[in-house]
$ cat my_file_27.pdb   # PDB, C-alpha atoms
ATOM      1  CA  MET A   5       0.000   0.000   0.000
ATOM      2  CA  PRO A   6       1.587   3.338  -1.017
ATOM      3  CA  SER A   7       2.324   5.664   1.882
ATOM      4  CA  VAL A   8       1.754   9.423   1.809
ATOM      5  CA  PHE A   9       3.904  11.901   3.748
ATOM      6  CA  PHE A  10       2.734  15.459   4.474
ATOM      7  CA  SER A  11       5.537  18.019   4.345
ATOM      8  CA  TYR A  12       4.021  21.191   5.780
ATOM      9  CA  CYS A  13       4.499  24.120   8.138
ATOM     10  CA  HIS A  14       2.536  24.052  11.381
ATOM     11  CA  ALA A  15       0.939  27.390  10.445
ATOM     12  CA  ASP A  16      -1.025  25.365   7.860
ATOM     13  CA  GLU A  17      -2.075  22.584  10.210
ATOM     14  CA  GLU A  18      -5.792  23.318   9.862
ATOM     15  CA  LEU A  19      -5.581  23.097   6.065
ATOM     16  CA  ARG A  20      -3.599  19.865   6.378
ATOM     17  CA  ASP A  21      -6.396  18.398   8.498
ATOM     18  CA  GLN A  22      -8.991  19.386   5.882
ATOM     19  CA  LEU A  23      -6.949  17.698   3.180
ATOM     20  CA  GLU A  24      -6.540  14.512   5.204
ATOM     21  CA  LYS A  25     -10.304  14.299   5.651
ATOM     22  CA  GLN A  26     -10.670  14.491   1.868
ATOM     23  CA  LEU A  27      -8.262  11.547   1.592
ATOM     24  CA  ALA A  28     -10.409   9.432   3.939
ATOM     25  CA  MET A  29     -12.015   7.424   1.118
ATOM     26  CA  LEU A  30      -8.610   6.424  -0.230
ATOM     27  CA  LYS A  31      -7.636   5.192   3.234
ATOM     28  CA  ARG A  32     -10.921   3.334   3.705
ATOM     29  CA  GLN A  33     -10.350   1.575   0.381
ATOM     30  CA  GLY A  34      -6.874   0.547   1.477
ATOM     31  CA  ILE A  35      -5.311   2.509  -1.383
ATOM     32  CA  ILE A  36      -3.032   4.676   0.760
ATOM     33  CA  GLU A  37      -1.900   5.260   4.312
ATOM     34  CA  THR A  38      -0.832   8.696   5.543
ATOM     35  CA  TRP A  39       1.685  10.097   7.984
ATOM     36  CA  HIS A  40       2.688  13.512   9.336
ATOM     37  CA  ASP A  41       4.720  14.697  12.296
ATOM     38  CA  ARG A  42       1.719  14.884  14.641
ATOM     39  CA  ARG A  43       1.856  11.082  14.650
ATOM     40  CA  ILE A  44       5.169  11.105  16.501
ATOM     41  CA  ILE A  45       4.680   9.631  19.955
ATOM     42  CA  ALA A  46       6.470  10.348  23.243
ATOM     43  CA  GLY A  47       9.971   8.909  23.335
ATOM     44  CA  GLN A  48      10.587   8.963  19.586
ATOM     45  CA  GLU A  49      13.398  11.060  18.111
ATOM     46  CA  ILE A  50      11.669  13.764  16.094
ATOM     47  CA  ASP A  51      14.235  14.376  13.347
ATOM     48  CA  LYS A  52      15.079  10.695  12.950
ATOM     49  CA  THR A  53      11.436   9.688  12.650
ATOM     50  CA  ILE A  54      10.623  12.410  10.123
ATOM     51  CA  ASN A  55      13.716  11.572   8.075
ATOM     52  CA  GLY A  56      12.631   7.958   7.975
ATOM     53  CA  HIS A  57       9.390   8.909   6.272
ATOM     54  CA  VAL A  58      10.961  11.476   3.937
ATOM     55  CA  ASN A  59      13.429   8.799   2.847
ATOM     56  CA  ASN A  60      10.960   5.936   2.453
ATOM     57  CA  ASP A  61       7.383   7.058   1.808
ATOM     58  CA  ASP A  62       6.071   6.658  -1.726
ATOM     59  CA  ILE A  63       4.156   9.920  -2.184
ATOM     60  CA  ILE A  64       5.277  13.210  -0.656
ATOM     61  CA  LEU A  65       2.839  16.104  -0.555
ATOM     62  CA  LEU A  66       4.469  19.520  -0.312
ATOM     63  CA  LEU A  67       1.821  21.736   1.289
ATOM     64  CA  VAL A  68       3.032  25.015  -0.159
ATOM     65  CA  SER A  69       2.452  28.398   1.455
ATOM     66  CA  PRO A  70       4.545  31.452   2.364
ATOM     67  CA  ASP A  71       5.245  29.789   5.721
ATOM     68  CA  PHE A  72       6.380  26.577   4.009
ATOM     69  CA  ILE A  73       8.826  28.460   1.790
ATOM     70  CA  ALA A  74      10.084  30.506   4.757
ATOM     71  CA  SER A  75      10.677  27.397   6.877
ATOM     72  CA  ASP A  76      14.289  26.212   6.671
ATOM     73  CA  TYR A  77      13.255  22.788   7.937
ATOM     74  CA  CYS A  78      10.503  22.287   5.341
ATOM     75  CA  TYR A  79      12.467  23.794   2.475
ATOM     76  CA  GLU A  80      16.041  22.653   3.052
ATOM     77  CA  ARG A  81      15.548  19.316   4.782
ATOM     78  CA  GLU A  82      12.218  17.835   3.678
ATOM     79  CA  MET A  83      11.609  19.391   0.274
ATOM     80  CA  MET A  84      15.146  19.077  -1.107
ATOM     81  CA  ARG A  85      15.433  15.414  -0.056
ATOM     82  CA  ALA A  86      11.965  14.703  -1.451
ATOM     83  CA  LEU A  87      12.969  16.139  -4.824
ATOM     84  CA  GLU A  88      16.108  13.985  -4.886
ATOM     85  CA  ARG A  89      13.934  10.905  -4.478
ATOM     86  CA  HIS A  90      11.492  12.186  -7.098
ATOM     87  CA  GLU A  91      14.307  12.683  -9.610
ATOM     88  CA  SER A  92      15.560   9.150  -8.977
ATOM     89  CA  GLY A  93      12.085   7.674  -9.398
ATOM     90  CA  GLU A  94      11.894   6.436  -5.815
ATOM     91  CA  ALA A  95       8.956   8.669  -4.867
ATOM     92  CA  THR A  96       6.348  10.986  -6.341
ATOM     93  CA  VAL A  97       6.364  14.595  -5.150
ATOM     94  CA  ILE A  98       3.116  16.536  -5.520
ATOM     95  CA  PRO A  99       3.110  20.271  -4.744
ATOM     96  CA  VAL A 100      -0.219  21.248  -3.154
ATOM     97  CA  ILE A 101      -0.613  25.022  -3.294
ATOM     98  CA  LEU A 102      -2.420  26.064  -0.124
ATOM     99  CA  ARG A 103      -1.871  29.817  -0.113
ATOM    100  CA  ALA A 104      -0.632  32.356  -2.636
ATOM    101  CA  CYS A 105       3.164  32.628  -2.750
ATOM    102  CA  ASP A 106       6.048  32.846  -5.215
ATOM    103  CA  TRP A 107       6.328  29.081  -5.679
ATOM    104  CA  HIS A 108       6.931  28.949  -9.447
ATOM    105  CA  HIS A 109      10.607  29.815  -8.930
ATOM    106  CA  ALA A 110      11.163  27.143  -6.294
ATOM    107  CA  PRO A 111      12.942  23.883  -7.223
ATOM    108  CA  PHE A 112       9.564  22.125  -7.328
ATOM    109  CA  GLY A 113       8.119  24.814  -9.614
ATOM    110  CA  LYS A 114       8.678  22.593 -12.651
ATOM    111  CA  LEU A 115       6.332  19.930 -11.285
ATOM    112  CA  MET A 116       2.627  19.761 -12.047
ATOM    113  CA  ALA A 117       0.952  21.290  -9.011
ATOM    114  CA  THR A 118      -2.522  20.784  -7.652
ATOM    115  CA  PRO A 119      -5.284  22.038  -7.394
ATOM    116  CA  LYS A 120      -5.834  22.760 -11.084
ATOM    117  CA  ASP A 121      -3.472  25.340 -12.596
ATOM    118  CA  GLY A 122      -1.788  25.745  -9.221
ATOM    119  CA  LYS A 123      -4.613  27.937  -7.964
ATOM    120  CA  PRO A 124      -4.167  28.244  -4.185
ATOM    121  CA  VAL A 125      -6.734  26.389  -2.099
ATOM    122  CA  LYS A 126      -7.506  29.605  -0.223
ATOM    123  CA  LYS A 127      -8.519  31.258  -3.504
ATOM    124  CA  TRP A 128     -11.246  28.696  -4.212
ATOM    125  CA  ALA A 129     -14.837  29.572  -3.363
ATOM    126  CA  ASP A 130     -15.235  26.058  -1.934
ATOM    127  CA  ALA A 131     -12.164  24.557  -0.263
ATOM    128  CA  ASP A 132     -13.725  21.077  -0.457
ATOM    129  CA  GLU A 133     -13.650  21.260  -4.260
ATOM    130  CA  ALA A 134      -9.996  22.260  -4.200
ATOM    131  CA  PHE A 135      -9.039  19.416  -1.865
ATOM    132  CA  LEU A 136     -11.071  16.972  -3.972
ATOM    133  CA  GLU A 137      -8.769  17.760  -6.893
ATOM    134  CA  VAL A 138      -5.800  17.074  -4.634
ATOM    135  CA  ALA A 139      -7.335  13.759  -3.563
ATOM    136  CA  GLN A 140      -7.824  12.776  -7.194
ATOM    137  CA  ALA A 141      -4.162  13.534  -7.906
ATOM    138  CA  VAL A 142      -3.110  11.425  -4.919
ATOM    139  CA  ARG A 143      -5.334   8.575  -6.104
ATOM    140  CA  ALA A 144      -3.694   8.636  -9.529
ATOM    141  CA  ALA A 145      -0.210   8.658  -8.001
ATOM    142  CA  ALA A 146      -1.109   5.817  -5.634
ATOM    143  CA  GLN A 147      -2.452   3.696  -8.492
ATOM    144  CA  HIS A 148       0.775   4.318 -10.389
ATOM    145  CA  HIS A 149       2.853   3.195  -7.412
ATOM    146  CA  GLY A 150       0.600   0.196  -6.858
ATOM    147  CA  ALA A 151       1.113  -0.885 -10.443
ATOM    148  CA  LYS A 152       4.901  -0.555 -10.083
ATOM    149  CA  GLN A 153       4.863  -2.645  -6.924
ATOM    150  CA  THR A 154       2.793  -5.336  -8.617
ATOM    151  CA  VAL A 155       5.230  -5.531 -11.523
ATOM    152  CA  SER A 156       8.269  -5.684  -9.245
ATOM    153  CA  GLY A 157       6.618  -8.364  -7.106
ATOM    154  CA  SER A 158       7.207  -6.580  -3.842
ATOM    155  CA  SER A 159       6.960  -3.200  -2.190
ATOM    156  CA  SER A 160      10.050  -1.129  -1.591
ATOM    157  CA  ARG A 161       9.373  -1.780   2.087
ATOM    158  CA  THR A 162       7.046  -3.916   4.158
ATOM    159  CA  SER A 163       4.904  -1.076   5.490
ATOM    160  CA  SER A 164       5.007   2.623   6.209
ATOM    161  CA  GLU A 165       5.914   1.796   9.780
ATOM    162  CA  GLU A 166       8.831  -0.593   9.098
ATOM    163  CA  PHE A 167      11.907   0.674   7.282
ATOM    164  CA  PRO A 168      14.669  -1.564   5.855
ATOM    165  CA  ALA A 169      18.331  -1.012   6.529
ATOM    166  CA  THR A 170      19.619   1.891   4.444
ATOM    167  CA  PRO A 171      22.576   4.258   4.547
ATOM    168  CA  ARG A 172      20.065   7.087   5.242
ATOM    169  CA  PRO A 173      18.300   7.627   8.585
ATOM    170  CA  THR A 174      15.536   5.095   8.955
ATOM    171  CA  GLY A 175      13.322   6.280  11.826
ATOM    172  CA  SER A 176      13.130   5.065  15.375
ATOM    173  CA  ASP A 177      13.091   1.445  16.479
ATOM    174  CA  SER A 178       9.866  -0.323  15.516
ATOM    175  CA  SER A 179       9.204  -1.263  19.119
ATOM    176  CA  THR A 180       8.534   2.398  19.959
ATOM    177  CA  ARG A 181       6.326   3.089  16.957
ATOM    178  CA  PRO A 182       2.512   2.995  16.899
ATOM    179  CA  VAL A 183       0.920  -0.314  15.997
ATOM    180  CA  PRO A 184       0.623  -0.457  12.171
ATOM    181  CA  GLY A 185      -2.824  -0.481  10.656
ATOM    182  CA  PRO A 186      -5.701   1.796   9.748
ATOM    183  CA  ARG A 187      -6.640   4.607  12.082
ATOM    184  CA  SER A 188      -8.666   7.789  11.914
ATOM    185  CA  SER A 189      -7.076  11.125  11.157
ATOM    186  CA  ASN A 190     -10.118  12.867  12.590
ATOM    187  CA  LEU A 191      -8.818  13.263  16.128
ATOM    188  CA  ARG A 192      -9.590  16.920  16.756
ATOM    189  CA  LEU A 193     -12.233  17.799  19.309
ATOM    190  CA  ALA A 194     -15.112  20.103  18.438
ATOM    191  CA  LYS A 195     -14.588  23.832  18.754
ATOM    192  CA  ALA A 196     -17.191  26.250  20.084
ATOM    193  CA  PHE A 197     -17.754  29.651  18.477
ATOM    194  CA  THR A 198     -19.443  32.504  20.321
ATOM    195  CA  GLN A 199     -21.627  35.175  18.776
ATOM    196  CA  ARG A 200     -18.720  37.570  19.228
ATOM    197  CA  ASP A 201     -16.522  35.235  17.179
ATOM    198  CA  LYS A 202     -19.131  35.175  14.427
ATOM    199  CA  ASP A 203     -19.636  38.952  14.455
ATOM    200  CA  GLN A 204     -15.890  39.570  14.263
ATOM    201  CA  PHE A 205     -15.520  37.061  11.426
ATOM    202  CA  LYS A 206     -18.311  38.814   9.516
ATOM    203  CA  ALA A 207     -16.789  42.270  10.033
ATOM    204  CA  ASP A 208     -13.313  41.088   9.039
ATOM    205  CA  THR A 209     -14.727  39.372   5.950
ATOM    206  CA  PHE A 210     -16.599  42.534   4.925
ATOM    207  CA  ASP A 211     -13.381  44.566   5.178
ATOM    208  CA  TYR A 212     -11.595  41.889   3.117
ATOM    209  CA  ILE A 213     -14.314  42.012   0.440
ATOM    210  CA  ALA A 214     -14.092  45.818   0.300
ATOM    211  CA  LYS A 215     -10.336  45.696  -0.289
ATOM    212  CA  HIS A 216     -10.790  42.864  -2.805
ATOM    213  CA  PHE A 217     -13.264  44.965  -4.829
ATOM    214  CA  GLU A 218     -11.107  48.087  -4.653
ATOM    215  CA  ASN A 219      -8.017  46.276  -5.906
ATOM    216  CA  SER A 220      -9.975  44.355  -8.558
ATOM    217  CA  LEU A 221     -11.545  47.530  -9.949
ATOM    218  CA  ASN A 222      -8.113  49.162 -10.213
ATOM    219  CA  GLU A 223      -6.643  46.119 -11.958
ATOM    220  CA  LEU A 224      -9.648  45.838 -14.308
ATOM    221  CA  GLY A 225      -8.910  49.285 -15.701
ATOM    222  CA  ALA A 226      -5.195  48.580 -15.965
ATOM    223  CA  ARG A 227      -5.760  45.399 -17.994
ATOM    224  CA  ASN A 228      -8.649  46.491 -20.223
ATOM    225  CA  PRO A 229      -8.297  49.663 -22.336
ATOM    226  CA  GLY A 230     -11.486  51.718 -22.319
ATOM    227  CA  TYR A 231     -12.621  50.375 -18.959
ATOM    228  CA  GLU A 232     -12.353  52.159 -15.645
ATOM    229  CA  GLY A 233     -13.372  51.080 -12.167
ATOM    230  CA  SER A 234     -14.535  53.310  -9.341
ATOM    231  CA  PHE A 235     -14.674  52.367  -5.665
ATOM    232  CA  ARG A 236     -16.207  54.506  -2.935
ATOM    233  CA  ARG A 237     -16.437  53.540   0.734
ATOM    234  CA  VAL A 238     -19.642  55.136   2.028
ATOM    235  CA  ASP A 239     -19.069  54.198   5.662
ATOM    236  CA  ALA A 240     -17.745  51.307   7.750
ATOM    237  CA  ASN A 241     -20.613  49.061   6.614
ATOM    238  CA  ARG A 242     -21.175  49.982   2.943
ATOM    239  CA  PHE A 243     -19.347  50.664  -0.307
ATOM    240  CA  PHE A 244     -20.298  51.515  -3.901
ATOM    241  CA  CYS A 245     -18.505  50.262  -7.001
ATOM    242  CA  THR A 246     -18.935  51.215 -10.650
ATOM    243  CA  ILE A 247     -17.460  50.012 -13.925
ATOM    244  CA  TYR A 248     -17.296  52.470 -16.832
ATOM    245  CA  HIS A 249     -16.701  51.654 -20.496
ATOM    246  CA  ASP A 250     -15.651  54.605 -22.634
ATOM    247  CA  GLY A 251     -17.019  56.870 -19.931
ATOM    248  CA  ASN A 252     -20.429  55.219 -19.701
ATOM    249  CA  ASP A 253     -21.420  53.236 -16.629
ATOM    250  CA  VAL A 254     -22.010  49.570 -17.503
ATOM    251  CA  ALA A 255     -22.212  48.098 -14.000
ATOM    252  CA  ARG A 256     -23.014  49.486 -10.561
ATOM    253  CA  ALA A 257     -23.323  47.717  -7.236
ATOM    254  CA  THR A 258     -23.579  48.223  -3.504
ATOM    255  CA  VAL A 259     -22.181  45.860  -0.902
ATOM    256  CA  TYR A 260     -23.310  46.434   2.658
ATOM    257  CA  LEU A 261     -23.222  44.851   6.076
ATOM    258  CA  GLY A 262     -26.378  44.219   8.120
ATOM    259  CA  GLY A 263     -29.936  44.719   6.930
ATOM    260  CA  MET A 264     -32.829  42.322   7.375
ATOM    261  CA  LEU A 265     -30.665  39.214   7.080
ATOM    262  CA  LYS A 266     -27.852  40.683   9.187
ATOM    263  CA  GLY A 267     -25.319  39.348   6.699
ATOM    264  CA  ILE A 268     -23.104  40.637   3.899
ATOM    265  CA  ASN A 269     -25.355  41.723   1.049
ATOM    266  CA  TYR A 270     -24.883  42.564  -2.633
ATOM    267  CA  SER A 271     -27.335  44.857  -4.429
ATOM    268  CA  GLN A 272     -27.265  46.055  -8.031
ATOM    269  CA  GLY A 273     -26.988  49.820  -8.406
ATOM    270  CA  GLU A 274     -26.132  52.376  -5.766
ATOM    271  CA  THR A 275     -28.484  52.340  -2.803
ATOM    272  CA  LEU A 276     -28.629  53.294   0.853
ATOM    273  CA  ASP A 277     -31.504  50.862   1.371
ATOM    274  CA  SER A 278     -30.644  47.997   3.716
ATOM    275  CA  ASN A 279     -33.645  45.841   2.849
ATOM    276  CA  SER A 280     -32.947  45.005  -0.801
ATOM    277  CA  TYR A 281     -30.337  42.631  -2.163
ATOM    278  CA  ASN A 282     -29.542  40.349  -5.093
ATOM    279  CA  GLU A 283     -27.274  38.083  -3.101
ATOM    280  CA  SER A 284     -26.639  37.606   0.590
ATOM    281  CA  LEU A 285     -23.978  35.822   2.632
ATOM    282  CA  SER A 286     -24.400  34.695   6.213
ATOM    283  CA  VAL A 287     -21.924  33.419   8.792
ATOM    284  CA  ASP A 288     -22.145  29.798   9.880
ATOM    285  CA  CYS A 289     -19.842  27.266  11.486
ATOM    286  CA  ASP A 290     -19.211  23.577  11.919
ATOM    287  CA  ASP A 291     -17.293  21.919  14.734
ATOM    288  CA  GLN A 292     -13.967  23.185  13.400
ATOM    289  CA  ALA A 293     -14.254  26.492  11.563
ATOM    290  CA  LEU A 294     -16.283  29.585  10.746
ATOM    291  CA  PHE A 295     -17.367  30.069   7.142
ATOM    292  CA  LEU A 296     -19.946  31.854   4.987
ATOM    293  CA  THR A 297     -22.897  30.475   3.078
ATOM    294  CA  SER A 298     -24.694  31.995   0.110
ATOM    295  CA  MET A 299     -28.429  32.217  -0.482
ATOM    296  CA  GLY A 300     -27.655  31.357  -4.108
ATOM    297  CA  MET A 301     -30.031  33.970  -5.491
ATOM    298  CA  SER A 302     -27.938  35.015  -8.474
ATOM    299  CA  ALA A 303     -27.465  33.137 -11.726
ATOM    300  CA  TYR A 304     -23.744  33.927 -11.518
ATOM    301  CA  GLY A 305     -22.129  31.313  -9.322
ATOM    302  CA  SER A 306     -24.323  28.534  -7.942
ATOM    303  CA  ASN A 307     -22.730  28.414  -4.504
ATOM    304  CA  ARG A 308     -25.797  27.779  -2.370
ATOM    305  CA  GLY A 309     -24.954  25.636   0.615
ATOM    306  CA  ARG A 310     -21.191  25.698   0.087
ATOM    307  CA  LYS A 311     -18.786  26.619   2.846
ATOM    308  CA  LEU A 312     -17.085  29.764   1.643
ATOM    309  CA  THR A 313     -13.827  31.244   2.868
ATOM    310  CA  PRO A 314     -13.522  35.063   2.912
ATOM    311  CA  GLU A 315     -11.600  34.747  -0.357
ATOM    312  CA  GLY A 316     -14.327  32.591  -1.869
ATOM    313  CA  ALA A 317     -17.028  34.991  -0.675
ATOM    314  CA  ALA A 318     -15.226  37.948  -2.252
ATOM    315  CA  GLU A 319     -14.889  36.109  -5.575
ATOM    316  CA  LEU A 320     -18.565  35.135  -5.520
ATOM    317  CA  LEU A 321     -19.728  38.741  -5.052
ATOM    318  CA  TRP A 322     -17.207  40.062  -7.570
ATOM    319  CA  GLU A 323     -18.643  37.622 -10.096
ATOM    320  CA  GLN A 324     -22.059  39.243  -9.619
ATOM    321  CA  LEU A 325     -20.577  42.540 -10.813
ATOM    322  CA  ILE A 326     -18.370  41.400 -13.663
ATOM    323  CA  GLY A 327     -20.303  38.322 -14.805
ATOM    324  CA  PRO A 328     -22.922  40.168 -16.878
ATOM    325  CA  LEU A 329     -20.165  42.090 -18.693
ATOM    326  CA  GLN A 330     -18.278  38.915 -19.497
ATOM    327  CA  SER A 331     -21.388  37.256 -20.920
ATOM    328  CA  ARG A 332     -22.290  40.070 -23.320
ATOM    329  CA  SER A 333     -21.384  39.222 -26.885
ATOM    330  CA  ASN A 334     -20.243  42.774 -27.607
ATOM    331  CA  HIS A 335     -18.008  42.805 -24.530
ATOM    332  CA  PRO A 336     -16.000  39.571 -24.647
ATOM    333  CA  SER A 337     -14.084  38.509 -21.570
ATOM    334  CA  ARG A 338     -10.536  39.877 -21.380
ATOM    335  CA  ARG A 339      -7.696  38.517 -19.370
TER     336      ARG A 339
END

$ encode --input "my_file_27.pdb" --output "structure tokens"
Amino acid sequence: MPSVFFSYCHADEELRDQLEKQLAMLKRQGIIETWHDRRIIAGQEIDKTINGHVNNDDIILLLVSPDFIASDYCYEREMMRALERHESGEATVIPVILRACDWHHAPFGKLMATPKDGKPVKKWADADEAFLEVAQAVRAAAQHHGAKQTVSGSSSRTSSEEFPATPRPTGSDSSTRPVPGPRSSNLRLAKAFTQRDKDQFKADTFDYIAKHFENSLNELGARNPGYEGSFRRVDANRFFCTIYHDGNDVARATVYLGGMLKGINYSQGETLDSNSYNESLSVDCDDQALFLTSMGMSAYGSNRGRKLTPEGAAELLWEQLIGPLQSRSNHPSRR
């Protein structure tokens, strides 16, 4: 059974847990087994145990973020050794882009990254969709390794928990390791979120969306001759945005906080009314995280019921503004 090693920075631990949940079906099917440094038990040598997995696991996921690239341990020790094994055909290295960073110039930048087109997970409207693409890539890699093992007649090692003698570090003695076999990765206890937590998350998300719109409107004009974007913050809870083409307004919108639904609301045109909207986002939570959900009222972006990050929420509302322009035959979409 191919083994999967997570190379990641602890700042991204929550995203790593979300990914491992998405890999649960592969583990239930007996296609893969997974390991990361939170599996190290008391008494084991940390560096030696990690090195054993870096040097022996079949699939190595590089969970890429600014913190990953800034970490000397992740970059110099885990990533560089993983790439050596990838080049020699001993392992498959898959870069998983979690957060936006300058990863294309890294040594692994030549590898096909996931999710699709290397779009950071945090930029997806629905993180589950992004991690599903990662899971599909892992499945394909695992099937490839399984086929190689079948042809060779034996695995490169007996299990992910037992390493053969090798000139490289091989992990701690097997007597101190956990008992091999399937186990759950869902070991985190439920979190509780107060109304204050939810209100702060909503306010922070609104400020993020405002900055997202302001920057997007500026970039729209820079990339598309004849177009100009205008952003105006009315107050702490409302902003107007307008797109002009050759001086004529072709799209106007208001985004405001509060109103009847007490959420983050999008309304076509400029309005001070807090009771009308074309789309609305509300704050919700599960036992691990806060997120936003959409009422799914607009034809642009069917995101009803999805768990949206602040980035995903901003993209969904931005699509309400720019979507009609992109769909007009006389105003084709521009990059």

$ closest_atom_pairs --input "my_file_27.pdb" --of "region 20-69 of chain A" --to "region 127-142 of chain A" --cutoff "9 Å" --atoms "only C-alpha atoms" --output "CSV"
residue,atom,partner,partner_atom,distance
A:Gln22,CA,A:Phe135,CA,7.7
A:Leu23,CA,A:Phe135,CA,5.7
A:Glu24,CA,A:Ala139,CA,8.8
A:Gln26,CA,A:Leu136,CA,6.4
A:Leu27,CA,A:Ala139,CA,5.7
A:Leu30,CA,A:Ala139,CA,8.2
A:Ile36,CA,A:Val142,CA,8.8
A:Ile63,CA,A:Val142,CA,7.9
A:Leu65,CA,A:Val142,CA,8.7

$ closest_residue --input "my_file_27.pdb" --among "A:Ser271, A:Thr53, A:Asn228, A:Thr96" --to "Arg242 (chain A)" --atoms "all atoms listed in the file"
A:Ser271

$ resolve_selection --input "my_file_27.pdb" --expression "the PyMOL selection byres ((chain A and resi 6) around 6)" --output "list in words"
Met5, Ser7, Ile36, Asp62 and Ala146 of chain A

$ resolve_selection --input "my_file_27.pdb" --expression "the PyMOL selection byres ((chain A and resi 287) around 10)" --output "PyMOL selection string"
chain A and resi 202-203+205-206+209+266-268+285-286+288-289+294-298+311-312

$ closest_residue --input "my_file_27.pdb" --among "A:Tyr260, A:Ala293, A:Asn219, A:Val8" --to "Asn60 (chain A)" --atoms "only C-alpha atoms"
A:Val8

$ residues_around --input "my_file_27.pdb" --residues "Glu319 (chain A)" --least-positions-apart "2" --cutoff "10 Å" --atoms "only C-alpha atoms" --output "ChimeraX atom specification"
/A:127-129,213,216-217,305,312-317,321-324

$ residues_near_point --input "my_file_27.pdb" --point "(-21.1, 52.4, -17.4)" --cutoff "12 Å" --atoms "only C-alpha atoms" --output "list in words"
Gly230, Tyr231, Glu232, Gly233, Ser234, Cys245, Thr246, Ile247, Tyr248, His249, Asp250, Gly251, Asn252, Asp253, Val254, Ala255, Arg256, Ala257, Gly273, Leu325, Ile326 and Leu329 of chain A

$ atom_distance --input "my_file_27.pdb" --atom1 "CA of Arg237 (chain A)" --atom2 "CA of Phe197 (chain A)"
29.8 Å

$ resolve_selection --input "my_file_27.pdb" --expression "the PyMOL selection byres ((chain A and resi 10) around 9)" --output "MDAnalysis selection string"
chainID A and resid 8:9 11:12 20 38:41 63:67

$ atom_distance --input "my_file_27.pdb" --atom1 "CA of Ala207 (chain A)" --atom2 "CA of Leu320 (chain A)"
17.2 Å

$ closest_residue --input "my_file_27.pdb" --among "A:His109, A:Leu221, A:Arg85, A:Asp290" --to "Asp61 (chain A)" --atoms "all atoms listed in the file"
A:Arg85

$ closest_residue --input "my_file_27.pdb" --among "A:Arg227, A:His90, A:Lys195, A:Arg200" --to "Asp291 (chain A)" --atoms "all atoms listed in the file"
A:Lys195

$ residues_around --input "my_file_27.pdb" --residues "Met84 (chain A)" --least-positions-apart "3" --cutoff "12 Å" --atoms "all atoms listed in the file" --output "PyMOL selection string"
chain A and resi 11+55+58-59+64+66+73+76-81+87-91+97+110-112

$ atom_distance --input "my_file_27.pdb" --atom1 "CA of Asn222 (chain A)" --atom2 "CA of Gln272 (chain A)"
19.5 Å

$ residues_near_point --input "my_file_27.pdb" --point "(-3.7, 25.9, 3.1)" --cutoff "9 Å" --atoms "all atoms listed in the file" --output "list of chain:residue names"
A:Ala15, A:Asp16, A:Glu17, A:Glu18, A:Leu19, A:Arg20, A:Gln22, A:Leu23, A:Leu67, A:Val68, A:Ser69, A:Val100, A:Ile101, A:Leu102, A:Arg103, A:Pro124, A:Val125, A:Lys126

$ closest_residue --input "my_file_27.pdb" --among "A:Glu218, A:Asp71, A:Ile45, A:Val259" --to "Cys13 (chain A)" --atoms "all atoms listed in the file"
A:Asp71

$ closest_residue --input "my_file_27.pdb" --among "A:Leu265, A:Leu115, A:Ala214, A:Met83" --to "Phe235 (chain A)" --atoms "all atoms listed in the file"
A:Ala214

$ build_atoms --input "my_file_27.pdb" --residues "region 192-199 of chain A" --atoms "N, CA, C and O atoms" --output "CSV table (one decimal), in the frame of the given file"
chain,number,residue,atom,x,y,z
A,192,ARG,N,-9.4,15.6,16.1
A,192,ARG,CA,-9.6,16.9,16.8
A,192,ARG,C,-11.0,17.0,17.4
A,192,ARG,O,-12.0,16.6,16.9
A,193,LEU,N,-11.0,17.6,18.6
A,193,LEU,CA,-12.2,17.8,19.3
A,193,LEU,C,-13.0,19.0,18.8
A,193,LEU,O,-12.4,19.9,18.2
A,194,ALA,N,-14.3,19.0,19.0
A,194,ALA,CA,-15.1,20.1,18.4
A,194,ALA,C,-14.7,21.4,19.1
A,194,ALA,O,-14.4,21.5,20.3
A,195,LYS,N,-14.8,22.5,18.3
A,195,LYS,CA,-14.6,23.8,18.8
A,195,LYS,C,-15.9,24.5,18.9
A,195,LYS,O,-16.9,24.2,18.3
A,196,ALA,N,-16.0,25.5,19.9
A,196,ALA,CA,-17.2,26.2,20.1
A,196,ALA,C,-16.9,27.7,19.7
A,196,ALA,O,-15.9,28.3,20.0
A,197,PHE,N,-17.9,28.3,18.9
A,197,PHE,CA,-17.8,29.7,18.5
A,197,PHE,C,-18.9,30.5,19.1
A,197,PHE,O,-20.0,30.2,19.0
A,198,THR,N,-18.5,31.6,19.7
A,198,THR,CA,-19.4,32.5,20.3
A,198,THR,C,-20.0,33.5,19.3
A,198,THR,O,-19.5,33.6,18.2
A,199,GLN,N,-21.1,34.2,19.7
A,199,GLN,CA,-21.6,35.2,18.8
A,199,GLN,C,-20.6,36.3,18.5
A,199,GLN,O,-20.6,36.8,17.4
